[in-house]
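S.K.: Please see the structure below; I have some questions.
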Amino acid sequence: MRVEQLGDGRPRVAVVAAIHGDEPCGVRAMERLLEDPPAVDRPVKFVVANERALDRGVRYVDEDLNRAFPGDPDADTHEGRLAAELVAEIRDCTVLSLHSTRSYAEPFALVDRVGDLARSVCPFLSVSVLVETGEQSHGRLIASPDVLEVECGLQGSDRAADNGVELIRGFLRATDVVGEDPAVTPRSTTDEVVVYRLGPPVPKAAADEYEVFAANFEEVAAGEAFAAADDRPVVAEESFYPVLLSADGYEDVFGYRAERVGVLDG
Ligand SMILES: [Zn+2]
């Protein structure tokens, strides 16, 4: 784990990248920002979490770090120990954690529960979707207090790194780490942020090839074939909104079912 800091004193704000080693956008965004660092009014730390997985270009070394929280300093796995180290590092901080997906090119935000954090930060982020992870938060960093995750875009893309820079700048503005930033335009009150609540995962049957026909955040109707495992269609029993749905993003699930709960209020 690598930690860098801007400003003096003990930071209460942190930006975390590389929870997953095969999602380079967060580190690229962080490094670009630190090459020409902004003047800060409050200290902030920048954490590159899973350097070992990042160096190898893999999601994780022993187990998925984002299923290993809160971790244990004596865990048998690299990620189990790293989870405990990261939790200690970000204690008492408001945290932005950067990810990328194989399923959706536009940036969106995620929180455990919609509350003050989402309401204060989202207006400074260029996102129109907020996902509440709730019961699916177990084992993830997002289950820690005051963590907002962002999906910056498609894994490995330049655009995800560009979006990452913009999202970090918005977050630093929202948390008063920086004052005015001409690069950050607060969202107008007429721009809606639609809130989805994450439900259970969509399991994948064993197969050689997977396909997904549905688009994320667009409703799948009951009875619709929204995916396939080899040539067998996967049919929706009830209508739902797909989130993080992709053919090959996860080993054992296609993604998640979600419900649309409304729009983020002021
Ligand atoms: Zn990730």
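In the structure tokens, chains take letters A, B, ... by order of appearance, with residues numbered from 1 within each chain and ligands from 1 in the order shown.
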Could you pull out the strand (DSSP E or B) residues of segment 21-249 of chain A, going by DSSP on the backbone, and write them as a ChimeraX atom specification?
M.R.: /A:44-48,94-101,108-111,129-132,147-154,194-203,210-212,220,225-229,232-235,240-243
S.K.: Please, which residues in chain A fall within 6 Å of ligand 1 when counting only C-alpha atoms and all ligand atoms, and what is the closest atom pair and distance in Å to one decimal for each, ordered by chain then residue number, as JSON lines?
M.R.:
{"residue": "A:His20", "atom": "CA", "partner": "ligand 1", "partner_atom_place_in_ligand_line": "1 (Zn)", "distance": 4.9}
{"residue": "A:His99", "atom": "CA", "partner": "ligand 1", "partner_atom_place_in_ligand_line": "1 (Zn)", "distance": 4.3}
{"residue": "A:Ser100", "atom": "CA", "partner": "ligand 1", "partner_atom_place_in_ligand_line": "1 (Zn)", "distance": 5.6}
S.K.: Taking only C-alpha atoms into account, name the residue in A:Leu154, A:Val212, A:Val114, A:Leu96 that is nearest to Glu224 of chain A.
M.R.: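 With only C-alpha atoms as the atom set, the closest residue is A:Val212.
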S.K.: Near Ala227 of chain A, counting only C-alpha atoms, which residues have an atom at most 9 Å away, once you skip same-chain residues fewer than 3 positions from it, shown as a count of residues only?
M.R.: 12
S.K.: Which is closest to Leu65 of chain A among A:Arg140, A:Asp116, A:Glu51, A:Asp8, if we use only C-alpha atoms?
M.R.: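 Among A:Arg140, A:Asp116, A:Glu51, A:Asp8, it is A:Arg140 that comes nearest to Leu65 of chain A.
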S.K.: I need the residue nearest Arg59 of chain A from this list: A:Glu209, A:Glu238, A:Asp176, A:Glu251. Use only C-alpha atoms for the distance.
M.R.: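 Checking each of A:Glu209, A:Glu238, A:Asp176, A:Glu251 against Arg59 of chain A, counting only C-alpha atoms, the winner is A:Glu251.
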S.K.: So the first atom is atom CA of Val253 of chain A and the second is atom CA of Ile142 of chain A; what is the distance between them in Å, to one decimal place?
M.R.: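 We find that atom CA of Val253 of chain A and atom CA of Ile142 of chain A lie 19.6 Å from each other.
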S.K.: Report as CSV: every residue of segment 92-155 of chain A with an atom at most 10 Å from segment 193-204 of chain A, its closest pair of atoms, and their distance in Å to one decimal, counting only C-alpha atoms, with rows sorted by chain and ascending residue number.
M.R.:
residue,atom,partner,partner_atom,distance
A:Phe108,CA,A:Val193,CA,9.5
A:Ala109,CA,A:Val195,CA,9.6
A:Leu110,CA,A:Tyr196,CA,9.3
A:Val111,CA,A:Arg197,CA,9.9
A:Asp112,CA,A:Arg197,CA,9.6
A:Arg113,CA,A:Arg197,CA,9.1
A:Val114,CA,A:Val195,CA,8.6
A:Cys122,CA,A:Val193,CA,8.1
A:Pro123,CA,A:Val193,CA,8.7
A:Ser126,CA,A:Val193,CA,9.7
A:Val127,CA,A:Val193,CA,7.0
A:Ser128,CA,A:Val193,CA,4.3
A:Val129,CA,A:Val194,CA,4.9
A:Leu130,CA,A:Val195,CA,4.8
A:Val131,CA,A:Tyr196,CA,4.8
A:Glu132,CA,A:Arg197,CA,4.7
A:Thr133,CA,A:Leu198,CA,5.0
A:Gly134,CA,A:Leu198,CA,6.9
A:Glu135,CA,A:Gly199,CA,7.5
A:Gln136,CA,A:Leu198,CA,6.9
A:Ser137,CA,A:Leu198,CA,9.3
S.K.: Can you pull out every residue within 6 Å of Leu245 of chain A, counting only C-alpha atoms, but drop anything in the same chain fewer than 3 positions away, and send it as JSON, numbers by chain?
M.R.: {"A": [103, 242, 254, 255]}
S.K.: Give me a file of those residues, with N, CA and C atoms, as a compact mmCIF listing (two decimals), in the first residue's frame.
M.R.:
# COMPACT_ATOMS: atom_id res chain seq x y z
N SER A 103 -18.94 -3.13 -17.63
CA SER A 103 -20.35 -3.12 -17.99
C SER A 103 -20.91 -1.75 -18.36
N PRO A 242 -30.98 -3.81 -14.31
CA PRO A 242 -29.65 -4.40 -14.17
C PRO A 242 -28.60 -3.36 -13.76
N PHE A 254 -23.57 -12.62 -13.16
CA PHE A 254 -23.63 -11.68 -14.28
C PHE A 254 -23.54 -10.24 -13.77
N GLY A 255 -24.09 -10.02 -12.58
CA GLY A 255 -24.19 -8.67 -12.04
C GLY A 255 -25.30 -8.67 -11.01
S.K.: Residues of segment 36-172 of chain A in alpha helix (DSSP H) according to DSSP, as a ChimeraX atom specification?
M.R.: /A:51-56,78-89,116-121,158-172
S.K.: Save the residues we just selected, N, CA, C and O atoms, as a short mmCIF file (atom, residue, chain, number, x, y, z; two decimals), in the first residue's frame?
M.R.:
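Resulting contents of again07.cif:
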data_model
loop_
_atom_site.label_atom_id
_atom_site.label_comp_id
_atom_site.auth_asym_id
_atom_site.auth_seq_id
_atom_site.Cartn_x
_atom_site.Cartn_y
_atom_site.Cartn_z
N GLU A 51 -1.11 -2.65 -4.32
CA GLU A 51 0.01 -2.48 -5.25
C GLU A 51 0.47 -3.79 -5.87
O GLU A 51 0.87 -3.84 -7.02
N ARG A 52 0.43 -4.86 -5.06
CA ARG A 52 0.92 -6.16 -5.54
C ARG A 52 0.05 -6.64 -6.72
O ARG A 52 0.57 -7.10 -7.73
N ALA A 53 -1.28 -6.52 -6.57
CA ALA A 53 -2.18 -6.93 -7.66
C ALA A 53 -2.05 -5.98 -8.85
O ALA A 53 -2.10 -6.40 -10.00
N LEU A 54 -1.87 -4.70 -8.55
CA LEU A 54 -1.71 -3.69 -9.61
C LEU A 54 -0.47 -4.00 -10.46
O LEU A 54 -0.52 -3.98 -11.69
N ASP A 55 0.65 -4.32 -9.79
CA ASP A 55 1.88 -4.66 -10.51
C ASP A 55 1.69 -5.86 -11.42
O ASP A 55 2.28 -5.95 -12.50
N ARG A 56 0.86 -6.81 -10.97
CA ARG A 56 0.64 -8.02 -11.77
C ARG A 56 -0.51 -7.86 -12.76
O ARG A 56 -0.76 -8.77 -13.55
N HIS A 78 -3.09 -12.19 1.55
CA HIS A 78 -2.56 -10.84 1.33
C HIS A 78 -3.68 -9.81 1.48
O HIS A 78 -3.52 -8.80 2.19
N GLU A 79 -4.82 -10.07 0.82
CA GLU A 79 -5.91 -9.09 0.85
C GLU A 79 -6.57 -9.00 2.23
O GLU A 79 -7.04 -7.93 2.61
N GLY A 80 -6.61 -10.10 2.97
CA GLY A 80 -7.17 -10.06 4.32
C GLY A 80 -6.37 -9.14 5.22
O GLY A 80 -6.93 -8.33 5.99
N ARG A 81 -5.05 -9.19 5.11
CA ARG A 81 -4.16 -8.31 5.91
C ARG A 81 -4.25 -6.88 5.40
O ARG A 81 -4.33 -5.91 6.17
N LEU A 82 -4.27 -6.74 4.06
CA LEU A 82 -4.33 -5.42 3.45
C LEU A 82 -5.62 -4.69 3.83
O LEU A 82 -5.62 -3.47 4.05
N ALA A 83 -6.73 -5.43 3.88
CA ALA A 83 -8.01 -4.83 4.25
C ALA A 83 -7.90 -4.17 5.62
O ALA A 83 -8.32 -3.02 5.81
N ALA A 84 -7.31 -4.88 6.58
CA ALA A 84 -7.17 -4.33 7.94
C ALA A 84 -6.27 -3.10 7.93
O ALA A 84 -6.55 -2.10 8.61
N GLU A 85 -5.20 -3.16 7.14
CA GLU A 85 -4.26 -2.03 7.04
C GLU A 85 -4.97 -0.81 6.44
O GLU A 85 -4.81 0.32 6.92
N LEU A 86 -5.77 -1.04 5.42
CA LEU A 86 -6.46 0.08 4.76
C LEU A 86 -7.52 0.69 5.68
O LEU A 86 -7.65 1.92 5.76
N VAL A 87 -8.26 -0.16 6.38
CA VAL A 87 -9.28 0.34 7.32
C VAL A 87 -8.63 1.25 8.36
O VAL A 87 -9.14 2.32 8.69
N ALA A 88 -7.45 0.85 8.86
CA ALA A 88 -6.74 1.67 9.85
C ALA A 88 -6.28 2.99 9.21
O ALA A 88 -6.35 4.05 9.83
N GLU A 89 -5.84 2.91 7.97
CA GLU A 89 -5.31 4.09 7.28
C GLU A 89 -6.39 5.15 7.04
O GLU A 89 -6.12 6.35 7.10
N ASP A 116 -26.24 11.88 4.34
CA ASP A 116 -25.57 13.18 4.21
C ASP A 116 -24.38 13.14 3.26
O ASP A 116 -24.14 14.11 2.53
N LEU A 117 -23.62 12.03 3.30
CA LEU A 117 -22.42 11.95 2.45
C LEU A 117 -22.82 12.06 0.98
O LEU A 117 -22.28 12.89 0.24
N ALA A 118 -23.78 11.24 0.57
CA ALA A 118 -24.21 11.27 -0.84
C ALA A 118 -24.79 12.63 -1.18
O ALA A 118 -24.50 13.19 -2.25
N ARG A 119 -25.58 13.20 -0.27
CA ARG A 119 -26.23 14.48 -0.57
C ARG A 119 -25.22 15.62 -0.67
O ARG A 119 -25.40 16.56 -1.43
N SER A 120 -24.12 15.54 0.09
CA SER A 120 -23.15 16.64 0.04
C SER A 120 -22.14 16.46 -1.09
O SER A 120 -21.65 17.45 -1.63
N VAL A 121 -21.82 15.22 -1.47
CA VAL A 121 -20.77 15.01 -2.47
C VAL A 121 -21.32 14.92 -3.89
O VAL A 121 -20.75 15.50 -4.82
N ASP A 158 -8.96 5.04 -21.52
CA ASP A 158 -8.45 6.37 -21.20
C ASP A 158 -9.56 7.23 -20.61
O ASP A 158 -9.32 8.07 -19.75
N ARG A 159 -10.78 7.00 -21.11
CA ARG A 159 -11.89 7.82 -20.64
C ARG A 159 -12.16 7.59 -19.15
O ARG A 159 -12.50 8.53 -18.43
N ALA A 160 -11.99 6.35 -18.69
CA ALA A 160 -12.20 6.09 -17.26
C ALA A 160 -11.20 6.88 -16.43
O ALA A 160 -11.54 7.43 -15.38
N ALA A 161 -9.94 6.97 -16.92
CA ALA A 161 -8.93 7.75 -16.19
C ALA A 161 -9.26 9.24 -16.23
O ALA A 161 -9.14 9.94 -15.22
N ASP A 162 -9.72 9.72 -17.39
CA ASP A 162 -10.14 11.14 -17.49
C ASP A 162 -11.29 11.41 -16.52
O ASP A 162 -11.28 12.41 -15.80
N ASN A 163 -12.28 10.52 -16.51
CA ASN A 163 -13.40 10.67 -15.59
C ASN A 163 -12.92 10.64 -14.14
O ASN A 163 -13.43 11.37 -13.29
N GLY A 164 -11.92 9.81 -13.87
CA GLY A 164 -11.37 9.70 -12.52
C GLY A 164 -10.80 11.02 -12.03
O GLY A 164 -11.04 11.43 -10.89
N VAL A 165 -10.08 11.72 -12.91
CA VAL A 165 -9.52 13.03 -12.53
C VAL A 165 -10.66 13.98 -12.17
O VAL A 165 -10.63 14.65 -11.13
N GLU A 166 -11.68 13.99 -13.01
CA GLU A 166 -12.81 14.90 -12.79
C GLU A 166 -13.54 14.55 -11.49
O GLU A 166 -13.93 15.43 -10.71
N LEU A 167 -13.70 13.26 -11.23
CA LEU A 167 -14.41 12.82 -10.01
C LEU A 167 -13.60 13.17 -8.75
O LEU A 167 -14.16 13.61 -7.75
N ILE A 168 -12.28 13.00 -8.81
CA ILE A 168 -11.45 13.35 -7.64
C ILE A 168 -11.55 14.86 -7.38
O ILE A 168 -11.72 15.30 -6.25
N ARG A 169 -11.46 15.64 -8.46
CA ARG A 169 -11.53 17.11 -8.28
C ARG A 169 -12.86 17.52 -7.68
O ARG A 169 -12.92 18.39 -6.80
N GLY A 170 -13.94 16.90 -8.14
CA GLY A 170 -15.25 17.21 -7.58
C GLY A 170 -15.34 16.83 -6.12
O GLY A 170 -15.90 17.57 -5.29
N PHE A 171 -14.76 15.67 -5.79
CA PHE A 171 -14.77 15.21 -4.39
C PHE A 171 -13.96 16.15 -3.50
O PHE A 171 -14.39 16.49 -2.38
N LEU A 172 -12.80 16.60 -3.97
CA LEU A 172 -11.96 17.52 -3.17
C LEU A 172 -12.68 18.85 -2.96
O LEU A 172 -12.58 19.46 -1.89
#
S.K.: Taking only C-alpha atoms into account, which of A:Leu6, A:Val261, A:Ala228, A:Met1 comes nearest Ala39 of chain A?
M.R.: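 Of all the options, A:Leu6 lies closest to Ala39 of chain A.
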S.K.: Calculate how many Å separate atom CA of Val44 of chain A from atom CA of Val13 of chain A, rounding to one decimal.
M.R.: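 Spanning atom CA of Val44 of chain A to atom CA of Val13 of chain A is a straight-line distance of 5.0 Å.
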S.K.: Work out how far atom CA of Cys152 of chain A is from atom CA of Leu98 of chain A, in Å to one decimal.
M.R.: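 Separation of atom CA of Leu98 of chain A and atom CA of Cys152 of chain A: 6.8 Å.
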S.K.: What are the closest atom pairs, with distances in Å to one decimal, for each residue of segment 116-181 of chain A lying within 8 Å of segment 69-76 of chain A, using only C-alpha atoms, rows by chain and rising residue number, as a tab-separated table?
M.R.:
residue	atom	partner	partner_atom	distance
A:His138	CA	A:Phe69	CA	7.9
A:Gly139	CA	A:Phe69	CA	4.5
A:Arg140	CA	A:Phe69	CA	5.5
A:Leu141	CA	A:Phe69	CA	6.0
A:Ser144	CA	A:Pro70	CA	8.0
S.K.: Need to verify the contact set: Val243 of chain A, 7 Å, only C-alpha atoms, exclusion of same-chain residues closer than 5 positions in sequence. Can you return it as a list in words?
M.R.: Asn216, Phe217, Gly255, Tyr256, Arg257 and Ala258 of chain A
S.K.: Got time to write the residues from that selection, C-alpha atoms, as a PDB file, in the first residue's frame?
M.R.:
ATOM      1  CA  ASN A 216     -27.512  -1.389 -17.396  1.00  0.00           C
ATOM      2  CA  PHE A 217     -30.042   0.887 -15.648  1.00  0.00           C
ATOM      3  CA  GLY A 255     -24.187  -8.668 -12.043  1.00  0.00           C
ATOM      4  CA  TYR A 256     -27.024  -7.435  -9.855  1.00  0.00           C
ATOM      5  CA  ARG A 257     -30.754  -6.845  -9.887  1.00  0.00           C
ATOM      6  CA  ALA A 258     -31.762  -3.418  -8.648  1.00  0.00           C
TER       7      ALA A 258
END
